[in-house]
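Asks: After the C-alpha cells below, expect a handful of questions from me.
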There are 2 protein chains.
Amino acid sequence: MTTATSNQSRDRIVSAAQKLFWRDGVTATSPRDIMGESGVGQGSFYHHFPTKHDLAFTAISDTVTSSLMAARLQLQSEGRAYDRLVAYLTRERDAVFGCKIGRLTADPTVMTDNDLAMTVSSYFTDLTVLVRDVLIEQGRVESATDIAHAVVAVVQGGYVMAKATENPDVMRAAVRGFLALLSEGLETSHEQ
Amino acid sequence: MTTATSNQSRDRIVSAAQKLFWRDGVTATSPRDIMGESGVGQGSFYHHFPTKHDLAFTAISDTVTSSLMAARLQLQSEGRAYDRLVAYLTRERDAVFGCKIGRLTADPTVMTDNDLAMTVSSYFTDLTVLVRDVLIEQGRVESATDIAHAVVAVVQGGYVMAKATENPDVMRAAVRGFLALLSEGLETSHEQ
DNA sequence: GTCTATACGAGGATAGAC
DNA sequence: GTCTATCCTCGTATAGAC
C-alpha cells in the first residue's frame with residue numbers, strides 16, 4: 001500500500017469542491033476558494049490536483065456516480081413500478097439550490113472541457129434509461145422513452161424554476177401537475 | 001431631443017452582451033469580451049455602462065421582456081386553447097444552446113444581485129401565469145396552476161437535457177412525452 | 001505531502017485628454 | 001461620446017525548501 005489512512009487532505013479538497021461547485025459553479029470557484037473552504041494549504045492542494053481540471057473531473061464524476069446510484073436505488077426498489085416513479089418524482093430535493101449536475105450545463109468551464117461535458121451528458125442519458133425501464137415495467141411500452149425524457153425534464157425544470165423564484169413549492173407544483181397527467185387515465189389504460 | 005439617431009454604440013453593446021451572456025453566462029463574460037464582440041472601445045463602453053451590473057440589467061431585462069412578448073403572442077393567438085398550447089410546446093427552439101433566461105439561474109453574478117435575480121424570477125412567474133390562463137381556457141380549471149408549472153418545467157428541463165447531451169431531439173422527446181400525457185384523456189375529459 | 005514565495009495575465013474598472 | 005493610459009485584485013498556477 002502506498003498510503004496508510006487513505007488521504008485526508010485529498011478528500012477534504014474534493015468535498016469542498018463539490019460544495020462550492022454546487023453553490024457557485026465551477027467557473028466561479030477558484031483554487032483559492034477551495035483551499036479556504038477545505039482548510040488545505042496551497043502546496044498540498046496542487047500536490048493532489050495539479051490543475052483545476054483534474055479536481056473538477058474527480059469531483060463531478062463522483063457527484064454523477066452517487067446521484068445515479070441514489071436514483072437507481074429508488075427506481076429499482078421493491079413495490080409497484082408506478083409507486084416507485086411517484087416516489088422518485090416527489091422525493092425531497094433541495095430545489096432552491098438547483099441541481100448539482102444540471103447547473104453544470106450552464107458552466108463554460110464544464111461545457112468547453114470534453115471530459116467534464118461527457119460526464120454531465122452521461123448522467124442524463126443514464127438517468128433517462130433508468131426511468132424508461134420503470135415506465136416499461138409499468139406497462140407504458142408505447143412512448144416510454146418520450147415520457148422518460150419528460151420525467152427527467154420536469155425535475156430539471158423544477159429545479160430551474162424553484163431556484164429562479166427561490167421557492168421550493170414551485171418544484172412541487174410542477175411535479176404535481178405532471179403526476180396529475182400521468183395518473184389521469186390510470187384505472188382504464190395502464191397497469192398500476 | 002438629446003440624441004439624434006438614438007445611440008449606435010449603446011445598442012451594439014447591448015446586443016453583444018446578450019449574445020455572450022447566452023453563450024457563456026454573465027460571470028464568464030468580461031467587459032473586454034463585450035468590447036471585442038461589439039467593436040466598441042473602452043471609453044465608449046464605460047461611458048454608456050459605468051458598471052457591469054448596469055449593462056447586465058439592461059441586457060437581461062430586454063431579453064426577459066421580449067421572451068415574454070413572444071410567449072404571449074403565441075399563447076394568446078387565435079385558435080383553440082389546446083392548439084395554442086401544443087404550438088407553444090413544440091415551437092422551434094435552439095435547444096442545444098440552452099435557455100437564455102433559464103441559464104442565468106446558475107449564474108452567480110445574476111443570483112447574488114437582487115435586481116438581476118428578481119428580473120429572472122419575474123420571467124418564470126409571468127410565463128407560468130400565461131400558460132395557466134390557457135389551460136383554464138381549455139377547461140382544465142382543476143389543476144391549471146400545477147399543470148402550467150409542469151409545462152414550463154418540461155421546456156426548461158428540455159433545454160438542460162438537450163444542452164447536456166448536445167442533442168436537440170432530447171428536448172423534442174421530452175415535449176412529445178408530455179403531450180402524450182396531456183392529450184391522453186382528451187376526447188372524454190376536456191374541451192379541445 | 002505540505003509550506004512559502006513568486007509570477008503573469010485577465011477582470012473590472014478609473015483618469016484625463018480629445 | 002470616444003480614446004489611451006493606468007491601476008489593483010484575483011485566478012491559476014510554478015519553484016524550491018522542509
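Chain lettering (A, B, ...) mirrors the order of the C-alpha cells, residue numbering begins at 1 for each chain separately, and ligand numbering begins at 1 in order of display.
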Could you please select, counting only C-alpha atoms (C1' of nucleotides), the residues of chain A within 8 Å of chain D and state them as an mmCIF file with N, CA, C and O atoms, in the first residue's frame?
Replies:
data_model
loop_
_atom_site.group_PDB
_atom_site.id
_atom_site.type_symbol
_atom_site.label_atom_id
_atom_site.label_comp_id
_atom_site.auth_asym_id
_atom_site.auth_seq_id
_atom_site.Cartn_x
_atom_site.Cartn_y
_atom_site.Cartn_z
ATOM 1 N N SER A 30 -12.647 29.346 -7.388
ATOM 2 C CA SER A 30 -11.208 29.356 -7.637
ATOM 3 C C SER A 30 -10.509 28.364 -6.723
ATOM 4 O O SER A 30 -11.018 27.988 -5.674
ATOM 5 N N PRO A 31 -9.324 27.929 -7.144
ATOM 6 C CA PRO A 31 -8.481 27.125 -6.263
ATOM 7 C C PRO A 31 -8.384 27.744 -4.868
ATOM 8 O O PRO A 31 -8.538 27.042 -3.877
ATOM 9 N N THR A 51 -4.053 20.593 -11.685
ATOM 10 C CA THR A 51 -4.838 21.609 -12.394
ATOM 11 C C THR A 51 -6.282 21.576 -11.909
ATOM 12 O O THR A 51 -6.748 20.595 -11.324
#
Asks: Can you pull out every residue from segment 22-126 of chain A that DSSP, working from the backbone, puts in alpha helix (DSSP H), and format the result as number ranges by chain?
Replies: A: 22-24, 31-38, 42-48, 52-75, 81-90, 108-111, 114-126
Asks: Give me the residues within 12 Å of Arg84 of chain B as a PyMOL selection string, counting only C-alpha atoms (C1' of nucleotides) and dropping any in the same chain fewer than 3 places off.
Replies: chain B and resi 71-81+87-91+130-131+133-135+137-138+192
Asks: May I have the residues of chain A within 10 Å of chain C, counting only C-alpha atoms (C1' of nucleotides), written as a list in words?
Replies: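 Contact residues on the first chain: Asn7, Ser9, Val40, Gly41, Gln42, Gly43, Ser44, Phe45, His47 and His48 of chain A.
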Asks: I'd like a table as JSON lines: residues in chain A with an atom no more than 7 Å from chain B, each row giving the shortest atom pair and its distance in Å to one decimal, only C-alpha atoms counted, sorted by chain and rising residue number.
Replies:
{"residue": "A:Asp24", "atom": "CA", "partner": "B:Pro108", "partner_atom": "CA", "distance": 5.8}
{"residue": "A:Gly102", "atom": "CA", "partner": "B:Val160", "partner_atom": "CA", "distance": 6.5}
{"residue": "A:Arg103", "atom": "CA", "partner": "B:Ala106", "partner_atom": "CA", "distance": 5.6}
{"residue": "A:Thr105", "atom": "CA", "partner": "B:Ala164", "partner_atom": "CA", "distance": 5.6}
{"residue": "A:Ala106", "atom": "CA", "partner": "B:Arg103", "partner_atom": "CA", "distance": 5.6}
{"residue": "A:Pro108", "atom": "CA", "partner": "B:Asp24", "partner_atom": "CA", "distance": 5.8}
{"residue": "A:Val120", "atom": "CA", "partner": "B:Ala164", "partner_atom": "CA", "distance": 6.3}
{"residue": "A:Ser121", "atom": "CA", "partner": "B:Thr165", "partner_atom": "CA", "distance": 4.8}
{"residue": "A:Phe124", "atom": "CA", "partner": "B:Met161", "partner_atom": "CA", "distance": 6.6}
{"residue": "A:Ser143", "atom": "CA", "partner": "B:Gly177", "partner_atom": "CA", "distance": 6.8}
{"residue": "A:Asp146", "atom": "CA", "partner": "B:Gly177", "partner_atom": "CA", "distance": 4.2}
{"residue": "A:Ile147", "atom": "CA", "partner": "B:Gly177", "partner_atom": "CA", "distance": 4.0}
{"residue": "A:His149", "atom": "CA", "partner": "B:Ala174", "partner_atom": "CA", "distance": 4.5}
{"residue": "A:Ala150", "atom": "CA", "partner": "B:Ala174", "partner_atom": "CA", "distance": 4.0}
{"residue": "A:Ala153", "atom": "CA", "partner": "B:Gly157", "partner_atom": "CA", "distance": 3.8}
{"residue": "A:Val154", "atom": "CA", "partner": "B:Val154", "partner_atom": "CA", "distance": 4.7}
{"residue": "A:Gln156", "atom": "CA", "partner": "B:Gly157", "partner_atom": "CA", "distance": 4.6}
{"residue": "A:Gly157", "atom": "CA", "partner": "B:Ala153", "partner_atom": "CA", "distance": 3.8}
{"residue": "A:Gly158", "atom": "CA", "partner": "B:Ala153", "partner_atom": "CA", "distance": 5.4}
{"residue": "A:Val160", "atom": "CA", "partner": "B:Thr105", "partner_atom": "CA", "distance": 6.4}
{"residue": "A:Met161", "atom": "CA", "partner": "B:Phe124", "partner_atom": "CA", "distance": 6.6}
{"residue": "A:Lys163", "atom": "CA", "partner": "B:Thr105", "partner_atom": "CA", "distance": 6.5}
{"residue": "A:Ala164", "atom": "CA", "partner": "B:Ser121", "partner_atom": "CA", "distance": 4.9}
{"residue": "A:Thr165", "atom": "CA", "partner": "B:Ser121", "partner_atom": "CA", "distance": 4.8}
{"residue": "A:Ala173", "atom": "CA", "partner": "B:Asp146", "partner_atom": "CA", "distance": 4.8}
{"residue": "A:Ala174", "atom": "CA", "partner": "B:Ala150", "partner_atom": "CA", "distance": 4.0}
{"residue": "A:Val175", "atom": "CA", "partner": "B:Ala150", "partner_atom": "CA", "distance": 6.5}
{"residue": "A:Arg176", "atom": "CA", "partner": "B:Asp146", "partner_atom": "CA", "distance": 6.1}
{"residue": "A:Gly177", "atom": "CA", "partner": "B:Ile147", "partner_atom": "CA", "distance": 4.0}
{"residue": "A:Phe178", "atom": "CA", "partner": "B:Ala150", "partner_atom": "CA", "distance": 5.6}
{"residue": "A:Leu181", "atom": "CA", "partner": "B:Leu181", "partner_atom": "CA", "distance": 5.6}
{"residue": "A:Leu182", "atom": "CA", "partner": "B:Leu181", "partner_atom": "CA", "distance": 5.9}
{"residue": "A:Gly185", "atom": "CA", "partner": "B:Gly185", "partner_atom": "CA", "distance": 6.1}
Asks: For the selection just defined, write its residues with N, CA, C and O atoms to a file, as a compact mmCIF listing (two decimals), in the first residue's frame.
Replies:
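See selection-v3.txt below for the written result:
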# COMPACT_ATOMS: atom_id res chain seq x y z
N ASP A 24 -21.76 27.71 -6.43
CA ASP A 24 -21.31 28.80 -7.31
C ASP A 24 -20.96 28.37 -8.73
O ASP A 24 -20.73 29.22 -9.58
N GLY A 102 -27.33 19.44 -13.16
CA GLY A 102 -27.98 20.26 -14.18
C GLY A 102 -27.35 21.64 -14.33
O GLY A 102 -27.22 22.16 -15.44
N ARG A 103 -26.94 22.23 -13.22
CA ARG A 103 -26.38 23.58 -13.28
C ARG A 103 -25.06 23.61 -14.06
O ARG A 103 -24.69 24.66 -14.60
N THR A 105 -24.44 22.41 -16.80
CA THR A 105 -24.84 22.64 -18.18
C THR A 105 -24.68 24.11 -18.59
O THR A 105 -24.52 24.43 -19.77
N ALA A 106 -24.73 24.99 -17.63
CA ALA A 106 -24.60 26.43 -17.89
C ALA A 106 -23.22 26.93 -17.50
O ALA A 106 -22.99 28.13 -17.42
N PRO A 108 -19.41 27.36 -18.37
CA PRO A 108 -18.49 27.33 -19.51
C PRO A 108 -17.27 26.45 -19.28
O PRO A 108 -16.82 25.76 -20.19
N VAL A 120 -21.18 14.93 -17.63
CA VAL A 120 -22.51 15.51 -17.40
C VAL A 120 -23.53 14.89 -18.36
O VAL A 120 -24.64 14.52 -17.97
N SER A 121 -23.13 14.76 -19.60
CA SER A 121 -24.02 14.18 -20.61
C SER A 121 -24.45 12.77 -20.20
O SER A 121 -25.63 12.40 -20.29
N PHE A 124 -27.39 12.34 -17.75
CA PHE A 124 -28.75 12.47 -18.25
C PHE A 124 -29.19 11.29 -19.11
O PHE A 124 -30.33 10.84 -19.01
N SER A 143 -44.83 4.87 -25.51
CA SER A 143 -43.95 6.05 -25.58
C SER A 143 -43.12 6.18 -24.31
O SER A 143 -42.92 7.26 -23.77
N ASP A 146 -40.14 8.64 -24.61
CA ASP A 146 -40.56 10.05 -24.59
C ASP A 146 -40.99 10.47 -23.19
O ASP A 146 -40.62 11.54 -22.70
N ILE A 147 -41.78 9.65 -22.56
CA ILE A 147 -42.27 10.01 -21.22
C ILE A 147 -41.12 10.06 -20.22
O ILE A 147 -41.08 10.91 -19.33
N HIS A 149 -38.12 10.98 -20.87
CA HIS A 149 -37.50 12.29 -21.08
C HIS A 149 -38.31 13.39 -20.38
O HIS A 149 -37.74 14.29 -19.77
N ALA A 150 -39.62 13.28 -20.47
CA ALA A 150 -40.47 14.28 -19.81
C ALA A 150 -40.29 14.24 -18.30
O ALA A 150 -40.25 15.29 -17.64
N ALA A 153 -37.05 15.84 -17.46
CA ALA A 153 -37.15 17.28 -17.77
C ALA A 153 -37.96 18.02 -16.71
O ALA A 153 -37.61 19.14 -16.32
N VAL A 154 -39.04 17.43 -16.26
CA VAL A 154 -39.86 18.09 -15.24
C VAL A 154 -39.04 18.34 -13.98
O VAL A 154 -39.12 19.42 -13.38
N GLN A 156 -35.70 18.57 -13.75
CA GLN A 156 -34.69 19.60 -14.05
C GLN A 156 -35.32 20.98 -14.16
O GLN A 156 -34.79 21.96 -13.64
N GLY A 157 -36.43 21.05 -14.85
CA GLY A 157 -37.11 22.34 -14.97
C GLY A 157 -37.62 22.82 -13.63
O GLY A 157 -37.59 24.02 -13.33
N GLY A 158 -38.06 21.89 -12.80
CA GLY A 158 -38.49 22.25 -11.45
C GLY A 158 -37.35 22.89 -10.66
O GLY A 158 -37.56 23.89 -9.96
N VAL A 160 -34.79 24.52 -11.94
CA VAL A 160 -34.54 25.84 -12.52
C VAL A 160 -35.56 26.86 -12.01
O VAL A 160 -35.21 27.96 -11.56
N MET A 161 -36.83 26.48 -12.05
CA MET A 161 -37.89 27.40 -11.64
C MET A 161 -37.83 27.70 -10.14
O MET A 161 -38.04 28.83 -9.70
N LYS A 163 -35.23 27.57 -8.19
CA LYS A 163 -34.07 28.41 -7.89
C LYS A 163 -34.34 29.85 -8.34
O LYS A 163 -34.03 30.79 -7.61
N ALA A 164 -34.92 29.99 -9.52
CA ALA A 164 -35.20 31.33 -10.04
C ALA A 164 -36.11 32.11 -9.10
O ALA A 164 -35.90 33.30 -8.85
N THR A 165 -37.12 31.44 -8.57
CA THR A 165 -38.11 32.11 -7.73
C THR A 165 -37.80 31.97 -6.25
O THR A 165 -38.54 32.50 -5.41
N ALA A 173 -45.10 21.98 -7.33
CA ALA A 173 -46.24 22.22 -8.21
C ALA A 173 -46.02 21.56 -9.57
O ALA A 173 -46.92 20.91 -10.11
N ALA A 174 -44.82 21.72 -10.11
CA ALA A 174 -44.52 21.13 -11.42
C ALA A 174 -44.69 19.60 -11.37
O ALA A 174 -45.28 19.00 -12.27
N VAL A 175 -44.17 19.01 -10.32
CA VAL A 175 -44.27 17.56 -10.18
C VAL A 175 -45.74 17.13 -10.00
O VAL A 175 -46.19 16.15 -10.61
N ARG A 176 -46.48 17.86 -9.18
CA ARG A 176 -47.90 17.54 -9.00
C ARG A 176 -48.64 17.62 -10.33
O ARG A 176 -49.45 16.75 -10.66
N GLY A 177 -48.37 18.68 -11.08
CA GLY A 177 -49.02 18.85 -12.38
C GLY A 177 -48.72 17.69 -13.30
O GLY A 177 -49.60 17.16 -13.97
N PHE A 178 -47.46 17.30 -13.31
CA PHE A 178 -47.06 16.19 -14.17
C PHE A 178 -47.73 14.89 -13.73
O PHE A 178 -48.25 14.13 -14.55
N LEU A 181 -51.32 14.44 -14.76
CA LEU A 181 -51.48 13.96 -16.13
C LEU A 181 -51.09 12.49 -16.26
O LEU A 181 -51.75 11.71 -16.95
N LEU A 182 -50.02 12.13 -15.57
CA LEU A 182 -49.52 10.75 -15.67
C LEU A 182 -50.54 9.75 -15.15
O LEU A 182 -50.67 8.64 -15.65
N GLY A 185 -55.40 8.77 -16.86
CA GLY A 185 -56.14 7.65 -17.45
C GLY A 185 -55.76 6.33 -16.81
O GLY A 185 -55.97 5.27 -17.39
Asks: Quote the spacing between atom CA of Asp126 of chain A and atom CA of Thr112 of chain A in Å to one decimal place.
Replies: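 Here the two named atoms are 21.3 Å from each other.
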Asks: Considering only C-alpha atoms (C1' of nucleotides), return as a list of chain:residue names whatever protein or nucleic-acid residues lie within 10 Å of Ser15 of chain A, sequence-local ones (same chain, fewer than 5 positions apart) excluded.
Replies: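 What passes the distance filter is A:Ser9, A:Arg10, A:Leu20, A:Phe21, A:Ile34, A:Glu37, A:Ser38, A:Ala59, A:Asp62, A:Thr63.
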Asks: Separation of atom CA of Lys100 of chain A and atom CA of Asp54 of chain A, in Å?
Replies: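 Interatomic distance, atom CA of Lys100 of chain A to atom CA of Asp54 of chain A: 18.2 Å.
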